[in-house]
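Undergrad: What follows is work-v4.tsv, TSV, C-alpha atoms.
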```tsv
chain	number	residue	atom	x	y	z
D	1	MET	CA	1.14	-32.58	-1.85
D	2	ALA	CA	0.08	-29.74	0.46
D	3	PRO	CA	0.92	-26.21	-0.70
D	4	LYS	CA	4.11	-24.76	0.73
D	5	TYR	CA	2.31	-21.73	2.18
D	6	LYS	CA	-0.61	-21.48	4.62
D	7	LEU	CA	-2.15	-18.06	5.08
D	8	THR	CA	-4.52	-17.55	8.02
D	9	TYR	CA	-6.71	-14.48	8.42
D	10	PHE	CA	-10.28	-13.44	9.12
D	11	ASP	CA	-12.82	-13.88	6.34
D	12	VAL	CA	-12.13	-10.49	4.75
D	13	ARG	CA	-9.74	-8.90	2.26
D	14	ALA	CA	-8.23	-6.09	4.40
D	15	ARG	CA	-4.71	-6.84	5.66
D	16	ALA	CA	-4.23	-10.26	4.06
D	17	GLU	CA	-5.38	-9.33	0.58
D	18	PRO	CA	-2.05	-7.92	-0.68
D	19	THR	CA	-0.51	-11.34	0.06
D	20	ARG	CA	-3.40	-13.11	-1.68
D	21	LEU	CA	-2.96	-10.80	-4.69
D	22	LEU	CA	0.77	-11.62	-4.73
D	23	PHE	CA	0.12	-15.37	-4.75
D	24	ALA	CA	-2.43	-14.84	-7.54
D	25	ALA	CA	-0.11	-12.68	-9.64
D	26	ALA	CA	2.72	-15.17	-9.22
D	27	GLY	CA	0.50	-18.19	-9.87
D	28	VAL	CA	1.60	-19.75	-6.57
D	29	GLU	CA	-0.72	-22.12	-4.70
D	30	TYR	CA	-1.40	-21.58	-1.02
D	31	GLU	CA	-3.89	-22.59	1.65
D	32	ASP	CA	-6.26	-19.65	2.20
D	33	VAL	CA	-7.54	-20.23	5.75
D	34	ARG	CA	-10.33	-17.94	6.98
D	35	VAL	CA	-10.99	-17.79	10.73
D	36	GLN	CA	-14.51	-17.15	11.96
D	37	ARG	CA	-14.86	-14.46	14.66
D	38	GLN	CA	-16.08	-16.97	17.27
D	39	ASP	CA	-12.96	-19.12	16.83
D	40	TRP	CA	-10.48	-16.29	17.28
D	41	GLU	CA	-10.31	-16.09	21.12
D	42	ALA	CA	-9.05	-19.67	21.36
D	43	LEU	CA	-6.53	-19.18	18.56
D	44	LYS	CA	-5.12	-15.84	19.73
D	45	PRO	CA	-2.72	-16.95	22.49
D	46	THR	CA	-1.16	-19.53	20.17
D	47	THR	CA	-0.07	-16.84	17.70
D	48	PRO	CA	3.30	-15.03	17.74
D	49	MET	CA	1.88	-11.61	18.60
D	50	GLY	CA	-1.82	-12.17	19.30
D	51	GLN	CA	-2.85	-11.02	15.83
D	52	LEU	CA	-3.75	-12.15	12.31
D	53	PRO	CA	-2.72	-12.64	9.55
D	54	LEU	CA	-0.19	-15.46	9.87
D	55	LEU	CA	1.85	-17.18	7.21
D	56	GLU	CA	3.15	-20.66	7.90
D	57	VAL	CA	6.02	-21.86	5.73
D	58	ASP	CA	8.73	-24.47	6.34
D	59	GLY	CA	7.66	-24.89	9.96
D	60	VAL	CA	7.97	-21.15	10.67
D	61	THR	CA	4.99	-18.95	11.59
D	62	LEU	CA	5.29	-15.35	10.45
D	63	CYS	CA	3.03	-12.53	11.63
D	64	GLN	CA	2.56	-8.81	10.76
D	65	SER	CA	0.71	-8.40	7.48
D	66	MET	CA	3.30	-6.27	5.70
D	67	SER	CA	6.24	-8.44	6.81
D	68	ILE	CA	4.34	-11.40	5.37
D	69	ALA	CA	3.57	-9.56	2.14
D	70	ARG	CA	7.16	-8.40	1.77
D	71	PHE	CA	8.39	-11.97	2.31
D	72	VAL	CA	6.05	-13.38	-0.34
D	73	ALA	CA	7.05	-10.52	-2.67
D	74	ARG	CA	10.68	-11.51	-2.19
D	75	GLU	CA	9.89	-15.20	-2.76
D	76	THR	CA	8.03	-14.40	-5.96
D	77	GLY	CA	10.48	-11.80	-7.27
D	78	MET	CA	8.11	-8.87	-6.86
D	79	ASP	CA	9.88	-6.88	-4.15
D	80	GLY	CA	12.04	-4.71	-6.42
D	81	MET	CA	14.86	-5.06	-8.92
D	82	THR	CA	17.61	-3.29	-6.97
D	83	ARG	CA	18.40	-2.64	-3.31
D	84	LEU	CA	17.26	0.97	-3.57
D	85	GLU	CA	14.13	0.01	-5.54
D	86	ARG	CA	13.16	-2.31	-2.70
D	87	ALA	CA	13.43	0.58	-0.25
D	88	GLN	CA	11.34	2.80	-2.55
D	89	ALA	CA	8.66	0.12	-2.86
D	90	ASP	CA	8.71	-0.22	0.93
D	91	ALA	CA	8.24	3.53	1.30
D	92	PHE	CA	5.05	3.52	-0.80
D	93	VAL	CA	3.66	0.67	1.29
D	94	ASP	CA	4.53	2.41	4.58
D	95	GLU	CA	2.81	5.59	3.35
D	96	LEU	CA	-0.37	3.90	2.10
D	97	GLU	CA	-0.82	1.38	4.92
D	98	GLU	CA	-2.37	3.89	7.32
D	99	LEU	CA	-5.40	4.10	5.03
D	100	VAL	CA	-6.33	0.45	5.66
D	101	PRO	CA	-7.66	0.73	9.23
D	102	LYS	CA	-9.16	4.17	8.49
D	103	LEU	CA	-11.20	2.79	5.58
D	104	ALA	CA	-12.32	-0.24	7.58
D	105	GLY	CA	-13.14	1.93	10.57
D	106	LEU	CA	-15.43	4.13	8.54
D	107	LEU	CA	-16.97	1.65	6.12
D	108	VAL	CA	-17.51	-1.31	8.46
D	109	PHE	CA	-17.20	-0.37	12.11
D	110	THR	CA	-18.97	3.00	12.41
D	111	THR	CA	-22.75	3.13	12.43
D	112	ASP	CA	-23.47	6.46	14.16
D	113	GLU	CA	-24.18	9.07	11.46
D	114	THR	CA	-22.41	12.00	13.13
D	115	GLU	CA	-19.35	9.88	13.79
D	116	LYS	CA	-19.46	8.70	10.16
D	117	GLU	CA	-19.44	12.29	8.91
D	118	GLU	CA	-16.47	13.22	11.10
D	119	LYS	CA	-14.52	10.14	10.06
D	120	ALA	CA	-15.30	10.76	6.39
D	121	LYS	CA	-13.92	14.30	6.65
D	122	ALA	CA	-10.71	13.03	8.27
D	123	LEU	CA	-10.42	10.22	5.73
D	124	ASP	CA	-10.89	12.57	2.76
D	125	LYS	CA	-8.07	14.74	4.07
D	126	MET	CA	-5.80	11.71	4.55
D	127	ILE	CA	-6.64	10.31	1.10
D	128	ALA	CA	-5.88	13.68	-0.55
D	129	GLU	CA	-2.56	14.01	1.30
D	130	LYS	CA	-1.36	10.47	0.72
D	131	LEU	CA	-2.52	10.02	-2.86
D	132	GLY	CA	-1.12	13.47	-3.63
D	133	ARG	CA	2.30	12.42	-2.35
D	134	CYS	CA	2.21	9.07	-4.12
D	135	GLU	CA	1.11	10.70	-7.38
D	136	LYS	CA	4.16	12.97	-7.24
D	137	LEU	CA	6.55	10.03	-6.81
D	138	SER	CA	4.84	7.41	-8.93
D	139	GLY	CA	6.19	6.17	-12.24
D	140	SER	CA	4.14	7.19	-15.31
D	141	GLU	CA	3.89	3.84	-17.05
D	142	GLY	CA	1.52	2.01	-14.71
D	143	HIS	CA	3.98	1.09	-11.94
D	144	LEU	CA	4.76	2.96	-8.75
D	145	VAL	CA	8.43	1.93	-8.85
D	146	GLY	CA	10.53	0.69	-11.77
D	147	ASN	CA	9.05	-1.06	-14.78
D	148	SER	CA	7.38	-4.18	-13.51
D	149	LEU	CA	4.55	-5.25	-11.23
D	150	LEU	CA	5.78	-5.02	-7.64
D	151	TRP	CA	4.06	-5.65	-4.36
D	152	CYS	CA	3.63	-1.93	-3.73
D	153	ASP	CA	1.37	-1.78	-6.82
D	154	LEU	CA	-0.77	-4.55	-5.30
D	155	VAL	CA	-0.91	-2.90	-1.86
D	156	PHE	CA	-2.01	0.30	-3.60
D	157	TYR	CA	-4.55	-1.56	-5.74
D	158	ASN	CA	-6.13	-3.20	-2.67
D	159	ILE	CA	-6.64	0.15	-0.95
D	160	ALA	CA	-7.73	1.97	-4.12
D	161	TYR	CA	-10.26	-0.80	-4.82
D	162	ASN	CA	-12.00	-0.09	-1.50
D	163	ILE	CA	-11.91	3.66	-2.16
D	164	GLU	CA	-13.25	3.37	-5.72
D	165	GLU	CA	-15.74	0.56	-5.19
D	166	LEU	CA	-16.99	1.21	-1.66
D	167	TYR	CA	-16.29	4.84	-0.79
D	168	LYS	CA	-15.98	7.49	-3.53
D	169	ALA	CA	-15.89	6.25	-7.12
D	170	GLY	CA	-13.89	8.54	-9.36
D	171	THR	CA	-11.35	9.50	-6.67
D	172	LEU	CA	-8.46	8.31	-8.84
D	173	GLN	CA	-9.41	10.67	-11.67
D	174	SER	CA	-7.52	13.39	-9.81
D	175	TYR	CA	-4.38	11.22	-9.77
D	176	PRO	CA	-3.67	10.16	-13.38
D	177	LYS	CA	-0.42	8.25	-12.72
D	178	LEU	CA	-2.02	6.33	-9.85
D	179	ALA	CA	-5.10	5.68	-11.98
D	180	LYS	CA	-2.76	4.10	-14.54
D	181	VAL	CA	-1.22	1.88	-11.84
D	182	TYR	CA	-4.72	0.85	-10.76
D	183	ASP	CA	-5.77	0.01	-14.32
D	184	THR	CA	-2.55	-1.90	-14.98
D	185	VAL	CA	-3.09	-4.14	-11.95
D	186	LYS	CA	-6.78	-4.56	-12.77
D	187	ALA	CA	-5.94	-5.66	-16.32
D	188	ASN	CA	-3.43	-8.30	-15.19
D	189	PRO	CA	-5.16	-11.57	-16.20
D	190	ARG	CA	-4.23	-13.49	-13.03
D	191	ILE	CA	-5.34	-10.62	-10.81
D	192	ALA	CA	-8.58	-10.21	-12.78
D	193	LYS	CA	-9.32	-13.92	-12.36
D	194	TRP	CA	-8.69	-13.80	-8.60
D	195	VAL	CA	-10.79	-10.66	-8.15
D	196	ALA	CA	-13.67	-12.27	-10.05
D	197	GLU	CA	-13.46	-15.55	-8.12
D	198	ARG	CA	-12.36	-14.60	-4.60
D	199	PRO	CA	-14.72	-15.21	-1.65
D	200	ALA	CA	-17.03	-12.33	-0.82
D	201	GLY	CA	-15.93	-12.55	2.81
D	202	GLN	CA	-17.80	-11.88	6.03
D	203	PHE	CA	-17.43	-8.11	5.46
D	204	ASN	CA	-16.89	-6.30	2.19
D	205	ILE	CA	-13.58	-4.64	3.11
Y	1	MET	CA	31.97	3.52	-0.19
Y	2	PRO	CA	28.52	5.06	-0.58
Y	3	SER	CA	27.97	8.54	0.79
Y	4	ILE	CA	25.20	8.46	3.39
Y	5	LYS	CA	23.31	11.39	4.86
Y	6	TYR	CA	20.60	10.86	7.48
Y	7	THR	CA	18.27	13.73	8.27
Y	8	TYR	CA	15.91	13.85	11.24
Y	9	PHE	CA	14.94	16.23	14.03
Y	10	ASP	CA	17.33	16.75	16.92
Y	11	GLY	CA	15.96	13.86	18.95
Y	12	ARG	CA	15.62	10.10	19.08
Y	13	GLY	CA	11.93	9.32	18.60
Y	14	LEU	CA	11.24	7.19	15.58
Y	15	GLY	CA	14.55	8.15	13.97
Y	16	GLU	CA	16.94	6.61	16.48
Y	17	VAL	CA	16.68	2.95	15.42
Y	18	ASN	CA	18.35	3.98	12.17
Y	19	ARG	CA	21.21	5.79	13.86
Y	20	VAL	CA	21.85	2.85	16.18
Y	21	MET	CA	21.93	0.43	13.24
Y	22	LEU	CA	24.31	2.63	11.26
Y	23	ALA	CA	26.54	2.55	14.35
Y	24	ALA	CA	26.27	-1.24	14.66
Y	25	GLY	CA	27.23	-1.61	11.01
Y	26	GLY	CA	30.19	0.74	11.41
Y	27	MET	CA	28.73	2.82	8.59
Y	28	LYS	CA	29.93	6.40	8.33
Y	29	TYR	CA	27.19	8.94	7.73
Y	30	GLU	CA	26.31	12.59	8.10
Y	31	ASP	CA	23.94	12.87	11.09
Y	32	VAL	CA	21.87	15.93	10.13
Y	33	ARG	CA	19.65	17.22	12.95
Y	34	LEU	CA	17.08	19.68	11.73
Y	35	HIS	CA	15.78	22.40	13.97
Y	36	GLU	CA	11.95	22.58	13.88
Y	37	SER	CA	12.14	26.14	12.51
Y	38	LYS	CA	14.04	24.94	9.42
Y	39	TRP	CA	11.55	22.17	8.68
Y	40	ALA	CA	8.67	24.20	7.23
Y	41	GLY	CA	10.86	25.53	4.42
Y	42	MET	CA	12.18	22.09	3.56
Y	43	LYS	CA	9.04	19.99	3.78
Y	44	SER	CA	7.74	20.33	0.22
Y	45	ALA	CA	11.12	19.37	-1.22
Y	46	THR	CA	11.04	15.98	0.49
Y	47	PRO	CA	9.59	12.85	-1.13
Y	48	MET	CA	6.57	12.58	1.19
Y	49	GLY	CA	6.70	15.68	3.37
Y	50	GLU	CA	8.16	13.85	6.36
Y	51	LEU	CA	11.38	13.02	8.18
Y	52	PRO	CA	13.56	11.01	8.51
Y	53	LEU	CA	15.30	10.88	5.13
Y	54	LEU	CA	18.21	8.77	4.01
Y	55	GLU	CA	20.25	10.04	1.08
Y	56	VAL	CA	22.46	7.40	-0.50
Y	57	ASP	CA	24.56	8.26	-3.54
Y	58	GLY	CA	22.01	10.74	-4.82
Y	59	THR	CA	18.84	8.77	-4.07
Y	60	THR	CA	16.55	9.92	-1.24
Y	61	ILE	CA	14.62	7.30	0.71
Y	62	CYS	CA	11.84	8.31	3.12
Y	63	GLN	CA	9.67	6.43	5.66
Y	64	SER	CA	11.50	5.49	8.84
Y	65	ASN	CA	10.67	1.78	8.59
Y	66	SER	CA	11.77	1.51	4.97
Y	67	ILE	CA	15.01	3.28	5.84
Y	68	ALA	CA	15.47	0.88	8.78
Y	69	ARG	CA	15.09	-2.15	6.54
Y	70	TYR	CA	17.51	-0.77	3.98
Y	71	ILE	CA	20.17	0.03	6.60
Y	72	ALA	CA	19.66	-3.38	8.20
Y	73	ARG	CA	20.39	-5.07	4.86
Y	74	GLU	CA	23.46	-2.90	4.22
Y	75	ALA	CA	24.76	-3.33	7.78
Y	76	GLY	CA	24.33	-7.11	7.79
Y	77	LEU	CA	21.60	-6.96	10.44
Y	78	ALA	CA	18.69	-8.06	8.26
Y	79	GLY	CA	18.83	-11.83	8.71
Y	80	LYS	CA	20.68	-14.41	6.64
Y	81	THR	CA	17.82	-16.09	4.75
Y	82	SER	CA	14.58	-14.77	3.31
Y	83	ILE	CA	12.60	-16.38	6.14
Y	84	ASP	CA	14.98	-14.91	8.72
Y	85	GLN	CA	14.49	-11.51	7.11
Y	86	ALA	CA	10.74	-11.91	7.44
Y	87	LYS	CA	11.16	-12.83	11.12
Y	88	VAL	CA	13.33	-9.76	11.68
Y	89	ASP	CA	10.69	-7.66	9.89
Y	90	MET	CA	7.84	-8.92	12.02
Y	91	ILE	CA	9.68	-8.28	15.29
Y	92	MET	CA	10.62	-4.78	14.12
Y	93	GLU	CA	6.96	-4.09	13.43
Y	94	GLY	CA	5.88	-5.44	16.80
Y	95	ALA	CA	8.50	-3.42	18.66
Y	96	ARG	CA	7.69	-0.28	16.68
Y	97	SER	CA	3.97	-0.64	17.42
Y	98	LEU	CA	4.78	-0.02	21.09
Y	99	PHE	CA	6.36	3.31	20.16
Y	100	ASP	CA	3.52	4.24	17.80
Y	101	LYS	CA	0.92	3.63	20.51
Y	102	ALA	CA	2.88	5.79	22.96
Y	103	ALA	CA	3.38	8.60	20.44
Y	104	GLN	CA	-0.33	8.67	19.54
Y	105	ILE	CA	-1.24	9.15	23.18
Y	106	PHE	CA	0.68	12.40	23.31
Y	107	ILE	CA	-1.54	14.33	20.96
Y	108	LEU	CA	-4.72	13.42	22.84
Y	109	PRO	CA	-6.63	15.82	25.10
Y	110	GLU	CA	-5.73	15.39	28.79
Y	111	ALA	CA	-8.69	13.32	29.99
Y	112	GLU	CA	-8.40	10.85	27.13
Y	113	LYS	CA	-4.60	10.84	27.45
Y	114	ALA	CA	-4.75	9.58	31.05
Y	115	VAL	CA	-7.14	6.75	30.14
Y	116	ARG	CA	-5.12	5.63	27.11
Y	117	LYS	CA	-1.82	5.87	29.01
Y	118	LYS	CA	-3.19	3.61	31.75
Y	119	LYS	CA	-4.44	1.12	29.14
Y	120	LEU	CA	-1.03	1.04	27.45
Y	121	GLU	CA	0.91	0.72	30.71
Y	122	GLU	CA	-1.33	-1.89	32.34
Y	123	LYS	CA	-2.62	-3.97	29.46
Y	124	GLU	CA	-1.28	-3.41	25.94
Y	125	ALA	CA	2.43	-3.09	26.71
Y	126	PRO	CA	2.67	-6.01	29.17
Y	127	GLU	CA	0.76	-8.22	26.70
Y	128	LEU	CA	2.99	-7.32	23.78
Y	129	LEU	CA	6.20	-7.60	25.84
Y	130	GLU	CA	5.04	-11.05	26.96
Y	131	TYR	CA	4.58	-12.16	23.33
Y	132	LEU	CA	7.94	-10.65	22.37
Y	133	ASN	CA	9.67	-12.33	25.29
Y	134	LYS	CA	8.47	-15.73	23.99
Y	135	LEU	CA	9.81	-14.88	20.53
Y	136	ALA	CA	13.31	-14.07	21.80
Y	137	SER	CA	15.78	-16.82	22.68
Y	138	GLY	CA	17.30	-17.42	26.11
Y	139	LYS	CA	20.56	-16.15	24.63
Y	140	GLY	CA	18.90	-12.81	23.90
Y	141	TYR	CA	18.41	-12.89	20.13
Y	142	PHE	CA	15.17	-12.78	18.19
Y	143	VAL	CA	16.54	-14.49	15.09
Y	144	GLY	CA	19.42	-16.95	14.99
Y	145	ASP	CA	22.19	-16.37	17.47
Y	146	GLN	CA	23.59	-13.05	16.47
Y	147	LEU	CA	22.47	-9.44	16.57
Y	148	THR	CA	19.84	-8.40	14.04
Y	149	ALA	CA	17.74	-5.28	13.48
Y	150	ALA	CA	15.00	-7.01	15.50
Y	151	ASP	CA	17.10	-6.85	18.66
Y	152	VAL	CA	18.03	-3.22	18.00
Y	153	ALA	CA	14.39	-2.30	17.39
Y	154	LEU	CA	13.29	-3.82	20.69
Y	155	TYR	CA	15.95	-1.97	22.66
Y	156	VAL	CA	15.55	1.44	21.00
Y	157	ASN	CA	11.74	1.44	20.97
Y	158	TYR	CA	11.57	0.33	24.61
Y	159	GLU	CA	13.97	3.14	25.52
Y	160	SER	CA	12.09	5.74	23.45
Y	161	VAL	CA	8.71	4.83	24.96
Y	162	GLY	CA	10.22	5.30	28.41
Y	163	SER	CA	11.40	8.74	27.32
Y	164	LEU	CA	7.81	9.63	26.49
Y	165	THR	CA	7.10	9.12	30.22
Y	166	ILE	CA	5.17	5.91	29.72
Y	167	ALA	CA	5.80	3.61	32.69
Y	168	LEU	CA	6.59	0.33	30.95
Y	169	PRO	CA	7.10	-2.81	33.04
Y	170	SER	CA	10.75	-3.40	33.80
Y	171	LEU	CA	12.62	-5.77	31.47
Y	172	ASP	CA	13.48	-7.78	34.61
Y	173	LYS	CA	10.02	-9.30	34.11
Y	174	TYR	CA	11.04	-10.51	30.63
Y	175	PRO	CA	14.35	-12.35	30.97
Y	176	ASN	CA	14.84	-12.99	27.25
Y	177	LEU	CA	14.18	-9.34	26.41
Y	178	LYS	CA	16.56	-8.28	29.16
Y	179	LYS	CA	19.25	-10.37	27.48
Y	180	VAL	CA	18.36	-8.83	24.10
Y	181	ALA	CA	18.93	-5.36	25.58
Y	182	GLU	CA	22.27	-6.46	27.05
Y	183	ASN	CA	23.39	-7.87	23.69
Y	184	VAL	CA	22.44	-4.64	21.93
Y	185	LYS	CA	24.32	-2.49	24.43
Y	186	ALA	CA	27.36	-4.79	24.25
Y	187	ASN	CA	27.78	-4.37	20.47
Y	188	PRO	CA	30.93	-2.25	20.17
Y	189	GLY	CA	29.58	0.17	17.53
Y	190	ILE	CA	26.36	0.62	19.47
Y	191	ALA	CA	28.13	0.99	22.84
Y	192	LYS	CA	30.25	3.77	21.36
Y	193	TRP	CA	27.19	5.53	19.89
Y	194	LEU	CA	25.20	5.28	23.11
Y	195	LYS	CA	28.09	6.90	24.96
Y	196	GLU	CA	28.73	9.66	22.42
Y	197	ARG	CA	25.34	10.53	20.93
Y	198	PRO	CA	23.79	13.93	21.64
Y	199	VAL	CA	21.64	13.76	24.77
Y	200	THR	CA	18.00	14.64	24.07
Y	201	THR	CA	14.86	14.41	26.18
Y	202	TYR	CA	13.17	12.12	23.65
```
For the file at hand, write its structure as C-alpha cells.
TA:
Amino acid sequence: MAPKYKLTYFDVRARAEPTRLLFAAAGVEYEDVRVQRQDWEALKPTTPMGQLPLLEVDGVTLCQSMSIARFVARETGMDGMTRLERAQADAFVDELEELVPKLAGLLVFTTDETEKEEKAKALDKMIAEKLGRCEKLSGSEGHLVGNSLLWCDLVFYNIAYNIEELYKAGTLQSYPKLAKVYDTVKANPRIAKWVAERPAGQFNI
Amino acid sequence: MPSIKYTYFDGRGLGEVNRVMLAAGGMKYEDVRLHESKWAGMKSATPMGELPLLEVDGTTICQSNSIARYIAREAGLAGKTSIDQAKVDMIMEGARSLFDKAAQIFILPEAEKAVRKKKLEEKEAPELLEYLNKLASGKGYFVGDQLTAADVALYVNYESVGSLTIALPSLDKYPNLKKVAENVKANPGIAKWLKERPVTTY
C-alpha cells in the first residue's frame, strides 16, 4: 500500500528537511520525491503557487514549506501541547526561518569572494541576533518549548546543522541552552538514523 | 473570557491582519498603538525585540504570523480540519509574501528600488495573484465555503501593498479574488472595523 504522504522537493535538505526530520522522528513512512533542476520548468505551472516543496495527502496538494511542516507536526503530535505552546513553537520557527535562504545564498549560490565576505558579515550579525533571542527564550532542558520534542526543535536543528557543519563550527558554544536542544535532537535515535542514511543531495545545504 | 492586548505601531502594515481577524471573531481586545519614540525603551523587554505582540492572560506571543495563526484558531477562522488548517496556512503565507516583497523594496537605494518595484508590479505580483486566483473558489473562499484567515490575509495584504504605493493589478482581473475581497468586507465584524479603525497612511 502506498504511503499516505508524498513529499516533493529539489534534491537538497533546505526547506523540506524539517518535514523529513518530522517523519523520521515520528516513524511515519512517506514518499520522498526529489525533482531534478531540468524537470522543474515543466512541473512549476502545475503547482499551487509555482514553488516547492509540496505535500500530497488525501488528494490535497499543500505548498509553503512551513505550512507543510506545521501540518505534519500536527498530524504526528509534535506541534505543541497547548494552544499557547503551539503559538510559541510557531514564533521560534518564524524567527529562525529567515536564516535558511541566507545560509543557502552564501554557502551555495555565491562564488565571488568579495560578495562572499559581505554576505558572511551580514549573516554573522543575523545569526548573533537571532540565536541570542532564541537563547533567551529557550527552555533549559533540551527543548525550545515545553518538555518534549516539537517541530520547532527540528527546524532549529536543521539550520544549526548547516551552521555547525558547513559554516562556523563551535557557533553554538556561545548559546548553551540552544546547544542542549541541538544535542538532544542529534541524540534522538530515529533522527540519528535518518541523518546517517539520508541522501547527500545535489547540493550540501 | 481571556484578556487580550495587541501591541503594534500606529499603522496597518504587517500588524493589520491580526486586528481584522480579532474584529471578525468579535473578540474584545486592547488595541495598543505605540509611537516610534516609545519603542526604543520597550524593545529589550519584548520576547524577540519586535512588534507586534499579543498578550493573552499573562503570556506574550510575538511574531506576526504566529499571532495570526493563534487568533485565527481562537476566532474560528483557522479551518475545520487539520488539512483545511494547512490550506489556510499556505494561502496566508502566499498572501503575506506579496507584502514582504513590497516592504523589502522600501529600504533599497533609489535606483535599485525602481527596478525591483517594476519587477514586482509587472511580473511577481501578477504571477502570484494568478496562482492565488486559481486557489480561490468562484464563491470567493480559499477553503471550504466560509470565511477563513486565508481570505482575510489576501484582502489585508493586497490593501497594505497598495498603501506602499505599489501599483498592483486590479482585482477585476482576478474574479475569484475579487469575490474573496467582497466576502471579507461583508463580514459584519470586519465591516464595522474597516469603518471605525484609525486612518493611517500605511
Undergrad: Please identify every residue of segment 75-139 of chain Y that has at least one atom no farther than 10 Å from an atom of segment 54-60 of chain D, counting all atoms listed in the file, and for each give the shortest atom pair and the distance in Å to one decimal, arranged by chain then increasing number, as JSON lines.
TA:
```
{"residue": "Y:Ile83", "atom": "CA", "partner": "D:Val60", "partner_atom": "CA", "distance": 8.0}
{"residue": "Y:Asp84", "atom": "CA", "partner": "D:Val60", "partner_atom": "CA", "distance": 9.6}
{"residue": "Y:Lys87", "atom": "CA", "partner": "D:Val60", "partner_atom": "CA", "distance": 8.9}
```
Undergrad: For each of D:Ala14, D:Ala160, D:Leu22, D:Leu103, take the minimum atom-to-atom distance to Arg74 of chain D, counting only C-alpha atoms, then give the residue where this is smallest.
TA: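 For Arg74 of chain D, the nearest of the given residues is D:Leu22.
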Undergrad: So which residues touch Glu55 of chain Y within 7 Å, counting only C-alpha atoms, skipping near sequence neighbours fewer than 2 positions away, as a ChimeraX atom specification?
TA: /Y:4-6,53,57-61
Undergrad: Just to confirm, what's the straight-line distance from atom CA of Ala102 of chain Y to atom CA of Gly41 of chain Y in Å (one decimal)?
TA: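 Rounded to one decimal, the two atoms are 28.2 Å apart.
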Undergrad: Please identify every residue of chain Y that has at least one atom no more than 8 Å from any atom of chain D, counting all atoms listed in the file, and report them as a compact mmCIF listing (two decimals) with C-alpha atoms, in the frame of the given file.
TA:
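To be explicit, this is the file written out as out21.txt:
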```txt
# COMPACT_ATOMS: atom_id res chain seq x y z
CA PRO Y 47 9.59 12.85 -1.13
CA MET Y 48 6.57 12.58 1.19
CA GLY Y 49 6.70 15.68 3.37
CA THR Y 59 18.84 8.77 -4.07
CA ILE Y 61 14.62 7.30 0.71
CA CYS Y 62 11.84 8.31 3.12
CA GLN Y 63 9.67 6.43 5.66
CA ASN Y 65 10.67 1.78 8.59
CA SER Y 66 11.77 1.51 4.97
CA ILE Y 67 15.01 3.28 5.84
CA ARG Y 69 15.09 -2.15 6.54
CA TYR Y 70 17.51 -0.77 3.98
CA SER Y 82 14.58 -14.77 3.31
CA ILE Y 83 12.60 -16.38 6.14
CA GLN Y 85 14.49 -11.51 7.11
CA ALA Y 86 10.74 -11.91 7.44
CA LYS Y 87 11.16 -12.83 11.12
CA ASP Y 89 10.69 -7.66 9.89
CA MET Y 90 7.84 -8.92 12.02
CA GLU Y 93 6.96 -4.09 13.43
CA GLY Y 94 5.88 -5.44 16.80
CA LEU Y 128 2.99 -7.32 23.78
CA TYR Y 131 4.58 -12.16 23.33
CA LEU Y 132 7.94 -10.65 22.37
CA LEU Y 135 9.81 -14.88 20.53
```
Undergrad: One decimal, Å: what's the distance from atom CA of Gln146 of chain Y over to atom CA of Arg73 of chain Y, could you say?
TA: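 About the pair atom CA of Gln146 of chain Y and atom CA of Arg73 of chain Y: they are 14.4 Å apart.
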Undergrad: Please provide as a list in words all residues within 10 Å of Leu149 of chain D, with the sequence filter that same-chain residues fewer than 6 positions apart are discarded (counting all atoms listed in the file).
TA: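 Neighbouring residues, sequence-local ones excluded: Leu22, Ala25, Gly77, Met78, Asp79, Gly80, Gly142, His143, Val181, Thr184, Val185 and Asn188 of chain D.
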Undergrad: Return the single residue from Y:Ala72, Y:Ala23, Y:Val56, Y:Ile91 that is closest to Asn133 of chain Y, with distances computed using all atoms listed in the file.
TA: Y:Ile91
Undergrad: Hey, what's within 10 Å of Asn204 of chain D if we count all atoms listed in the file and toss same-chain stuff fewer than 2 positions away? As a PyMOL selection string, please?
TA: chain D and resi 11-14+104+107-108+162+166+199-202
Undergrad: Quick one: residues within 8 Å of Glu36 of chain Y, all atoms listed in the file, excluding same-chain residues fewer than 3 positions away - as a count of residues only?
TA: 3
Undergrad: How far is it from atom CA of Arg34 of chain D to atom CA of Asp153 of chain D, in Å with one decimal?
TA: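 Result for atom CA of Arg34 of chain D versus atom CA of Asp153 of chain D: 24.3 Å, one decimal.
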Undergrad: Which is closest to Pro101 of chain D among D:Glu135, D:Lys44, D:Leu21, D:Ile159, if we use all atoms listed in the file?
TA: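 Looking only at the distances to Pro101 of chain D, the closest residue turns out to be D:Ile159.
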Undergrad: Using all atoms listed in the file, which residue out of Y:Glu110, Y:Asn176, Y:Val115, Y:Glu124 lies closest to Tyr141 of chain Y?
TA: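 Nearest to Tyr141 of chain Y: Y:Asn176.
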Undergrad: Ranking D:Ala2, D:Ala24, D:Arg15, D:Thr8 by minimum distance to Val155 of chain D and counting all atoms listed in the file, which one comes first?
TA: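 With all atoms listed in the file as the atom set, the closest residue is D:Arg15.
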Undergrad: List the residues sitting within 8 Å of (1.3, -20.1, -2.7) in the file's frame, using all atoms listed in the file, as a ChimeraX atom specification.
TA: /D:3-6,23,27-31
Undergrad: Using only C-alpha atoms, find each residue of segment 19-133 of chain Y with at least one atom at most 7 Å away from an atom of segment 150-161 of chain Y; report its shortest atom-to-atom pair and that distance in Å (one decimal), sort the rows by chain and rising residue number, and return the result as a tab-separated table.
TA:
```
residue	atom	partner	partner_atom	distance
Y:Val88	CA	Y:Ala150	CA	5.0
Y:Ile91	CA	Y:Ala150	CA	5.5
Y:Met92	CA	Y:Ala150	CA	5.1
Y:Ala95	CA	Y:Leu154	CA	5.2
Y:Arg96	CA	Y:Asn157	CA	6.1
Y:Phe99	CA	Y:Val161	CA	5.6
Y:Ala102	CA	Y:Val161	CA	6.2
```
Undergrad: Calculated over only C-alpha atoms, which of the candidates Y:Lys117, Y:Arg197, Y:Arg19, Y:Lys173 has the smallest distance to Ala103 of chain Y?
TA: Y:Lys117
